[in-house]
file structure32.cif (mmCIF, N, CA and C atoms)
data_entry
loop_
_atom_site.label_atom_id
_atom_site.label_comp_id
_atom_site.auth_asym_id
_atom_site.auth_seq_id
_atom_site.Cartn_x
_atom_site.Cartn_y
_atom_site.Cartn_z
N MET A 1 -95.83 -72.54 55.88
CA MET A 1 -96.05 -71.11 55.88
C MET A 1 -96.06 -70.62 57.31
N PHE A 2 -95.50 -69.45 57.52
CA PHE A 2 -95.42 -68.86 58.85
C PHE A 2 -96.01 -67.46 58.83
N THR A 3 -96.54 -67.02 59.96
CA THR A 3 -97.10 -65.67 60.06
C THR A 3 -96.05 -64.67 60.51
N GLY A 4 -95.00 -65.13 61.17
CA GLY A 4 -94.02 -64.22 61.75
C GLY A 4 -94.38 -63.84 63.17
N ILE A 5 -95.47 -64.40 63.68
CA ILE A 5 -95.89 -64.13 65.06
C ILE A 5 -95.28 -65.20 65.96
N ILE A 6 -94.42 -64.78 66.87
CA ILE A 6 -93.72 -65.70 67.77
C ILE A 6 -94.72 -66.32 68.73
N THR A 7 -94.67 -67.65 68.87
CA THR A 7 -95.62 -68.33 69.75
C THR A 7 -94.95 -69.02 70.94
N ASP A 8 -93.62 -69.00 70.99
CA ASP A 8 -92.91 -69.56 72.14
C ASP A 8 -91.47 -69.03 72.12
N ILE A 9 -90.86 -69.04 73.29
CA ILE A 9 -89.43 -68.76 73.40
C ILE A 9 -88.78 -70.08 73.80
N GLY A 10 -87.98 -70.63 72.90
CA GLY A 10 -87.30 -71.90 73.16
C GLY A 10 -85.93 -71.67 73.76
N ARG A 11 -85.32 -72.75 74.23
CA ARG A 11 -83.97 -72.70 74.78
C ARG A 11 -83.14 -73.78 74.11
N ILE A 12 -81.95 -73.40 73.66
CA ILE A 12 -81.07 -74.36 73.02
C ILE A 12 -80.46 -75.24 74.10
N GLN A 13 -80.84 -76.52 74.09
CA GLN A 13 -80.39 -77.45 75.11
C GLN A 13 -79.00 -78.00 74.80
N SER A 14 -78.78 -78.32 73.53
CA SER A 14 -77.46 -78.82 73.16
C SER A 14 -77.19 -78.63 71.68
N ILE A 15 -75.90 -78.52 71.36
CA ILE A 15 -75.43 -78.42 69.98
C ILE A 15 -74.31 -79.44 69.81
N THR A 16 -74.46 -80.30 68.82
CA THR A 16 -73.44 -81.30 68.52
C THR A 16 -72.92 -81.06 67.11
N ASP A 17 -71.61 -80.90 66.98
CA ASP A 17 -70.99 -80.71 65.67
C ASP A 17 -70.70 -82.09 65.08
N ASN A 18 -71.31 -82.37 63.93
CA ASN A 18 -71.11 -83.64 63.23
C ASN A 18 -70.36 -83.40 61.93
N GLY A 19 -69.09 -83.07 62.05
CA GLY A 19 -68.26 -82.86 60.86
C GLY A 19 -68.65 -81.63 60.07
N GLY A 20 -69.07 -80.56 60.74
CA GLY A 20 -69.45 -79.33 60.06
C GLY A 20 -70.94 -79.07 60.06
N ASP A 21 -71.73 -80.14 60.10
CA ASP A 21 -73.17 -80.01 60.26
C ASP A 21 -73.50 -80.09 61.74
N TRP A 22 -74.57 -79.44 62.16
CA TRP A 22 -74.94 -79.45 63.58
C TRP A 22 -76.24 -80.19 63.81
N ARG A 23 -76.30 -80.91 64.93
CA ARG A 23 -77.56 -81.43 65.48
C ARG A 23 -77.86 -80.56 66.70
N ILE A 24 -79.02 -79.91 66.69
CA ILE A 24 -79.41 -79.00 67.77
C ILE A 24 -80.66 -79.53 68.45
N VAL A 25 -80.63 -79.53 69.78
CA VAL A 25 -81.80 -79.92 70.57
C VAL A 25 -82.36 -78.64 71.19
N ILE A 26 -83.67 -78.41 70.95
CA ILE A 26 -84.32 -77.18 71.40
C ILE A 26 -85.46 -77.53 72.34
N GLN A 27 -85.44 -76.93 73.52
CA GLN A 27 -86.51 -77.12 74.50
C GLN A 27 -87.63 -76.13 74.20
N THR A 28 -88.88 -76.58 74.32
CA THR A 28 -90.03 -75.75 73.98
C THR A 28 -91.21 -76.06 74.89
N ASN A 29 -92.17 -75.13 74.91
CA ASN A 29 -93.44 -75.35 75.60
C ASN A 29 -94.52 -75.81 74.64
N PHE A 30 -94.19 -75.96 73.34
CA PHE A 30 -95.16 -76.47 72.37
C PHE A 30 -95.63 -77.86 72.78
N ASP A 31 -96.86 -78.20 72.41
CA ASP A 31 -97.35 -79.57 72.57
C ASP A 31 -96.79 -80.37 71.40
N LEU A 32 -95.67 -81.01 71.61
CA LEU A 32 -94.99 -81.72 70.52
C LEU A 32 -95.69 -83.04 70.16
N GLY A 33 -96.68 -83.44 70.96
CA GLY A 33 -97.46 -84.62 70.61
C GLY A 33 -98.20 -84.43 69.30
N GLU A 34 -98.49 -83.19 68.95
CA GLU A 34 -99.18 -82.85 67.71
C GLU A 34 -98.21 -82.54 66.56
N THR A 35 -96.92 -82.56 66.84
CA THR A 35 -95.91 -82.20 65.84
C THR A 35 -95.31 -83.47 65.23
N ASP A 36 -95.41 -83.59 63.92
CA ASP A 36 -94.89 -84.76 63.23
C ASP A 36 -93.39 -84.62 62.97
N ILE A 37 -92.70 -85.76 62.89
CA ILE A 37 -91.32 -85.76 62.39
C ILE A 37 -91.41 -85.28 60.94
N GLY A 38 -90.55 -84.33 60.58
CA GLY A 38 -90.60 -83.75 59.24
C GLY A 38 -91.33 -82.41 59.22
N ALA A 39 -91.96 -82.05 60.35
CA ALA A 39 -92.64 -80.76 60.43
C ALA A 39 -91.63 -79.62 60.43
N SER A 40 -92.08 -78.45 60.02
CA SER A 40 -91.23 -77.26 60.03
C SER A 40 -91.54 -76.40 61.23
N ILE A 41 -90.49 -75.88 61.88
CA ILE A 41 -90.63 -74.92 62.96
C ILE A 41 -89.66 -73.78 62.66
N ALA A 42 -90.16 -72.54 62.72
CA ALA A 42 -89.29 -71.38 62.52
C ALA A 42 -88.55 -71.13 63.83
N CYS A 43 -87.24 -71.17 63.76
CA CYS A 43 -86.37 -71.00 64.93
C CYS A 43 -85.54 -69.75 64.69
N ALA A 44 -85.86 -68.68 65.44
CA ALA A 44 -85.20 -67.37 65.24
C ALA A 44 -85.30 -66.96 63.77
N GLY A 45 -86.44 -67.26 63.16
CA GLY A 45 -86.69 -66.86 61.79
C GLY A 45 -86.23 -67.85 60.73
N CYS A 46 -85.47 -68.88 61.10
CA CYS A 46 -84.99 -69.88 60.16
C CYS A 46 -85.92 -71.09 60.18
N CYS A 47 -86.39 -71.51 59.04
CA CYS A 47 -87.27 -72.68 58.96
C CYS A 47 -86.43 -73.95 59.06
N LEU A 48 -86.67 -74.71 60.14
CA LEU A 48 -85.91 -75.94 60.37
C LEU A 48 -86.87 -77.13 60.47
N THR A 49 -86.36 -78.31 60.14
CA THR A 49 -87.17 -79.53 60.10
C THR A 49 -86.94 -80.37 61.34
N VAL A 50 -88.04 -80.79 61.97
CA VAL A 50 -87.96 -81.66 63.15
C VAL A 50 -87.54 -83.05 62.69
N VAL A 51 -86.41 -83.54 63.22
CA VAL A 51 -85.93 -84.88 62.84
C VAL A 51 -86.13 -85.89 63.96
N SER A 52 -86.38 -85.40 65.17
CA SER A 52 -86.65 -86.26 66.33
C SER A 52 -87.29 -85.37 67.39
N LYS A 53 -87.91 -86.00 68.40
CA LYS A 53 -88.53 -85.20 69.45
C LYS A 53 -88.75 -86.03 70.70
N THR A 54 -88.89 -85.32 71.82
CA THR A 54 -89.32 -85.90 73.09
C THR A 54 -90.55 -85.10 73.50
N LYS A 55 -90.99 -85.25 74.71
CA LYS A 55 -92.17 -84.51 75.17
C LYS A 55 -91.92 -82.99 75.21
N GLU A 56 -90.69 -82.59 75.55
CA GLU A 56 -90.39 -81.16 75.73
C GLU A 56 -89.29 -80.62 74.82
N THR A 57 -88.71 -81.46 73.97
CA THR A 57 -87.63 -81.01 73.09
C THR A 57 -87.84 -81.52 71.67
N PHE A 58 -87.28 -80.78 70.71
CA PHE A 58 -87.23 -81.29 69.34
C PHE A 58 -85.81 -81.12 68.82
N TYR A 59 -85.46 -81.97 67.88
CA TYR A 59 -84.11 -82.03 67.32
C TYR A 59 -84.16 -81.57 65.87
N VAL A 60 -83.17 -80.79 65.47
CA VAL A 60 -83.05 -80.36 64.09
C VAL A 60 -81.61 -80.59 63.63
N ASP A 61 -81.45 -80.88 62.37
CA ASP A 61 -80.13 -80.99 61.75
C ASP A 61 -79.92 -79.76 60.88
N VAL A 62 -78.78 -79.12 61.02
CA VAL A 62 -78.48 -77.90 60.27
C VAL A 62 -77.20 -78.14 59.48
N SER A 63 -77.29 -77.97 58.17
CA SER A 63 -76.13 -78.21 57.30
C SER A 63 -75.10 -77.09 57.45
N ALA A 64 -73.88 -77.39 57.06
CA ALA A 64 -72.81 -76.39 57.07
C ALA A 64 -73.19 -75.21 56.19
N GLU A 65 -73.88 -75.46 55.09
CA GLU A 65 -74.33 -74.38 54.21
C GLU A 65 -75.30 -73.45 54.94
N SER A 66 -76.26 -74.02 55.65
CA SER A 66 -77.21 -73.19 56.42
C SER A 66 -76.50 -72.44 57.53
N LEU A 67 -75.51 -73.07 58.16
CA LEU A 67 -74.75 -72.39 59.21
C LEU A 67 -74.01 -71.17 58.65
N SER A 68 -73.55 -71.26 57.39
CA SER A 68 -72.80 -70.16 56.79
C SER A 68 -73.70 -69.04 56.27
N LYS A 69 -74.99 -69.34 56.06
CA LYS A 69 -75.88 -68.36 55.46
C LYS A 69 -76.89 -67.75 56.43
N THR A 70 -76.93 -68.21 57.68
CA THR A 70 -77.90 -67.73 58.66
C THR A 70 -77.18 -67.35 59.95
N ASN A 71 -77.96 -66.94 60.94
CA ASN A 71 -77.38 -66.61 62.25
C ASN A 71 -77.25 -67.84 63.14
N ILE A 72 -77.61 -69.00 62.66
CA ILE A 72 -77.60 -70.21 63.48
C ILE A 72 -76.19 -70.53 63.99
N GLY A 73 -75.18 -70.24 63.19
CA GLY A 73 -73.81 -70.51 63.59
C GLY A 73 -73.37 -69.75 64.84
N SER A 74 -74.11 -68.71 65.22
CA SER A 74 -73.78 -67.94 66.42
C SER A 74 -74.55 -68.41 67.65
N TRP A 75 -75.45 -69.39 67.47
CA TRP A 75 -76.22 -69.90 68.61
C TRP A 75 -75.32 -70.63 69.59
N THR A 76 -75.66 -70.54 70.88
CA THR A 76 -74.91 -71.23 71.92
C THR A 76 -75.87 -71.98 72.83
N GLU A 77 -75.36 -73.01 73.47
CA GLU A 77 -76.18 -73.78 74.41
C GLU A 77 -76.67 -72.87 75.52
N GLY A 78 -77.94 -73.01 75.86
CA GLY A 78 -78.56 -72.20 76.90
C GLY A 78 -79.21 -70.92 76.40
N ALA A 79 -78.92 -70.54 75.15
CA ALA A 79 -79.49 -69.32 74.59
C ALA A 79 -80.98 -69.49 74.32
N SER A 80 -81.71 -68.39 74.38
CA SER A 80 -83.14 -68.37 74.06
C SER A 80 -83.33 -67.96 72.60
N ILE A 81 -84.31 -68.59 71.95
CA ILE A 81 -84.62 -68.23 70.56
C ILE A 81 -86.13 -68.19 70.38
N ASN A 82 -86.58 -67.34 69.46
CA ASN A 82 -88.00 -67.25 69.12
C ASN A 82 -88.41 -68.47 68.30
N LEU A 83 -89.60 -68.98 68.59
CA LEU A 83 -90.12 -70.15 67.87
C LEU A 83 -91.51 -69.86 67.33
N GLU A 84 -91.81 -70.48 66.19
CA GLU A 84 -93.15 -70.43 65.62
C GLU A 84 -93.40 -71.71 64.86
N GLN A 85 -94.52 -72.36 65.16
CA GLN A 85 -94.89 -73.55 64.40
C GLN A 85 -95.52 -73.14 63.09
N ALA A 86 -95.38 -73.98 62.07
CA ALA A 86 -95.96 -73.70 60.76
C ALA A 86 -97.48 -73.71 60.86
N LEU A 87 -98.10 -72.92 59.99
CA LEU A 87 -99.56 -72.87 59.94
C LEU A 87 -100.12 -74.19 59.40
N LYS A 88 -101.29 -74.52 59.88
CA LYS A 88 -102.05 -75.66 59.35
C LYS A 88 -103.30 -75.08 58.68
N MET A 89 -103.86 -75.80 57.73
CA MET A 89 -105.09 -75.34 57.09
C MET A 89 -106.13 -75.06 58.17
N GLY A 90 -106.75 -73.90 58.08
CA GLY A 90 -107.78 -73.53 59.04
C GLY A 90 -107.28 -72.71 60.21
N ASP A 91 -105.94 -72.60 60.40
CA ASP A 91 -105.41 -71.77 61.48
C ASP A 91 -105.69 -70.30 61.20
N GLU A 92 -105.89 -69.52 62.26
CA GLU A 92 -106.08 -68.08 62.12
C GLU A 92 -104.76 -67.45 61.71
N LEU A 93 -104.81 -66.56 60.73
CA LEU A 93 -103.61 -65.87 60.27
C LEU A 93 -103.30 -64.67 61.13
N GLY A 94 -104.30 -63.98 61.62
CA GLY A 94 -104.09 -62.77 62.41
C GLY A 94 -103.57 -61.64 61.54
N GLY A 95 -103.63 -60.44 62.06
CA GLY A 95 -103.14 -59.29 61.31
C GLY A 95 -103.99 -58.99 60.10
N ILE A 96 -103.42 -58.30 59.15
CA ILE A 96 -104.13 -57.87 57.95
C ILE A 96 -103.40 -58.42 56.73
N LEU A 97 -104.12 -59.06 55.84
CA LEU A 97 -103.53 -59.54 54.59
C LEU A 97 -103.62 -58.43 53.55
N CYS A 98 -102.53 -58.13 52.92
CA CYS A 98 -102.53 -57.12 51.86
C CYS A 98 -101.35 -57.38 50.94
N PRO A 99 -101.48 -56.99 49.68
CA PRO A 99 -100.32 -57.11 48.79
C PRO A 99 -99.28 -56.08 49.21
N VAL A 100 -98.04 -56.46 49.16
CA VAL A 100 -96.98 -55.54 49.56
C VAL A 100 -95.89 -55.52 48.51
N MET A 101 -95.15 -54.43 48.52
CA MET A 101 -93.97 -54.32 47.67
C MET A 101 -92.77 -54.18 48.59
N LEU A 102 -91.79 -55.03 48.44
CA LEU A 102 -90.59 -54.99 49.27
C LEU A 102 -89.50 -54.24 48.53
N THR A 103 -88.99 -53.23 49.18
CA THR A 103 -87.90 -52.45 48.61
C THR A 103 -86.68 -52.59 49.49
N VAL A 104 -85.61 -53.09 48.94
CA VAL A 104 -84.38 -53.23 49.69
C VAL A 104 -83.41 -52.17 49.19
N TRP A 105 -83.04 -51.30 50.08
CA TRP A 105 -82.10 -50.23 49.74
C TRP A 105 -80.70 -50.75 49.95
N ARG A 106 -79.93 -50.87 48.90
CA ARG A 106 -78.62 -51.49 48.99
C ARG A 106 -77.52 -50.52 48.56
N LYS A 107 -77.52 -49.35 49.14
CA LYS A 107 -76.47 -48.37 48.84
C LYS A 107 -75.09 -48.96 49.08
N SER A 108 -75.00 -49.82 50.08
CA SER A 108 -73.70 -50.38 50.43
C SER A 108 -73.18 -51.36 49.37
N LEU A 109 -74.04 -51.81 48.45
CA LEU A 109 -73.60 -52.73 47.41
C LEU A 109 -72.45 -52.13 46.60
N ALA A 110 -72.59 -50.86 46.25
CA ALA A 110 -71.56 -50.20 45.45
C ALA A 110 -70.24 -50.06 46.20
N SER A 111 -70.32 -49.92 47.53
CA SER A 111 -69.10 -49.75 48.30
C SER A 111 -68.60 -51.06 48.91
N HIS A 112 -69.26 -52.18 48.58
CA HIS A 112 -68.89 -53.51 49.04
C HIS A 112 -68.94 -53.67 50.56
N GLN A 113 -69.81 -52.91 51.20
CA GLN A 113 -70.00 -53.06 52.63
C GLN A 113 -71.11 -54.07 52.87
N LYS A 114 -71.07 -54.69 54.03
CA LYS A 114 -72.09 -55.66 54.40
C LYS A 114 -73.43 -54.95 54.62
N VAL A 115 -74.49 -55.49 54.02
CA VAL A 115 -75.83 -54.94 54.22
C VAL A 115 -76.30 -55.35 55.61
N THR A 116 -76.61 -54.38 56.45
CA THR A 116 -77.04 -54.68 57.82
C THR A 116 -78.47 -54.28 58.09
N HIS A 117 -79.10 -53.55 57.18
CA HIS A 117 -80.48 -53.13 57.39
C HIS A 117 -81.27 -53.29 56.09
N ILE A 118 -82.51 -53.64 56.21
CA ILE A 118 -83.40 -53.73 55.07
C ILE A 118 -84.60 -52.83 55.38
N ALA A 119 -84.95 -51.97 54.45
CA ALA A 119 -86.11 -51.11 54.62
C ALA A 119 -87.31 -51.77 53.97
N LEU A 120 -88.42 -51.84 54.68
CA LEU A 120 -89.65 -52.44 54.16
C LEU A 120 -90.67 -51.33 54.04
N PHE A 121 -91.15 -51.11 52.84
CA PHE A 121 -92.16 -50.08 52.59
C PHE A 121 -93.45 -50.77 52.17
N LEU A 122 -94.54 -50.52 52.89
CA LEU A 122 -95.85 -51.04 52.52
C LEU A 122 -96.58 -49.95 51.77
N MET A 123 -97.05 -50.29 50.57
CA MET A 123 -97.69 -49.28 49.74
C MET A 123 -99.06 -49.78 49.31
N HIS A 124 -100.05 -48.91 49.33
CA HIS A 124 -101.36 -49.25 48.82
C HIS A 124 -101.27 -49.27 47.30
N LEU A 125 -101.60 -50.40 46.72
CA LEU A 125 -101.54 -50.52 45.27
C LEU A 125 -102.92 -50.22 44.69
N LYS A 126 -103.11 -49.00 44.25
CA LYS A 126 -104.42 -48.50 43.84
C LYS A 126 -105.06 -49.35 42.74
N ASN A 127 -104.28 -49.79 41.79
CA ASN A 127 -104.84 -50.52 40.66
C ASN A 127 -104.52 -52.01 40.70
N TRP A 128 -104.23 -52.53 41.89
CA TRP A 128 -103.87 -53.94 42.00
C TRP A 128 -105.09 -54.83 41.78
N ARG A 129 -104.89 -55.89 41.00
CA ARG A 129 -105.96 -56.86 40.75
C ARG A 129 -105.37 -58.25 40.85
N GLU A 130 -106.23 -59.21 41.18
CA GLU A 130 -105.77 -60.60 41.25
C GLU A 130 -105.53 -61.14 39.87
#
call {"tool": "encode", "arguments": {"input": "structure32.cif", "output": "structure tokens"}}
result
Amino acid sequence: MFTGIITDIGRIQSITDNGGDWRIVIQTNFDLGETDIGASIACAGCCLTVVSKTKETFYVDVSAESLSKTNIGSWTEGASINLEQALKMGDELGGILCPVMLTVWRKSLASHQKVTHIALFLMHLKNWRE
């Protein structure tokens, strides 16, 4: 689980194409000594799995499918990306927890244009109950 609060700006150290799938090495200021292999890190909003690490870098494998469905395929070596480590039990969430309703306005669906914006409306649900 992620809060959406960026906790580091990483740098893409290298990208290796392995037959359509990518191995990406990302430099970070996170204390990776506390990060397990298999842990999730949000990289520019995409949840990726740590497959290897050093003191200052972590490695992720990205499938061709993920490259086609996210912005990862546009990443380049040396680029900066937002990073966030996954929450652990007991971590502070920050912000305000509230039920929300997500409304996506897709006028462009009828005209077959690419959706480039999503509108998020937060509404107080007067009669909401658990």
call {"tool": "resolve_selection", "arguments": {"input": "structure32.cif", "expression": "the PyMOL selection byres ((chain A and resi 11) around 8)", "output": "number ranges by chain"}}
result
A: 8-10, 12-14, 25-29, 76-82
call {"tool": "atom_distance", "arguments": {"input": "structure32.cif", "atom1": "atom N of Asp21 (chain A)", "atom2": "atom N of Ala64 (chain A)"}}
result
4.6 Å
call {"tool": "atom_distance", "arguments": {"input": "structure32.cif", "atom1": "CA of Trp22 (chain A)", "atom2": "atom N of Thr7 (chain A)"}}
result
23.6 Å
call {"tool": "atom_distance", "arguments": {"input": "structure32.cif", "atom1": "CA of Thr57 (chain A)", "atom2": "CA of Leu32 (chain A)"}}
result
7.8 Å
call {"tool": "residues_around", "arguments": {"input": "structure32.cif", "residues": "Leu67 (chain A)", "least_positions_apart": "5", "cutoff": "8 Å", "atoms": "all atoms listed in the file", "output": "list in words"}}
result
Gly20, Asp21, Trp22, Val62, Ile72, Gly73 and Ser74 of chain A
call {"tool": "closest_residue", "arguments": {"input": "structure32.cif", "among": "A:Glu56, A:Ser63, A:Asn18, A:Cys46", "to": "Gly33 (chain A)", "atoms": "all atoms listed in the file"}}
result
A:Glu56
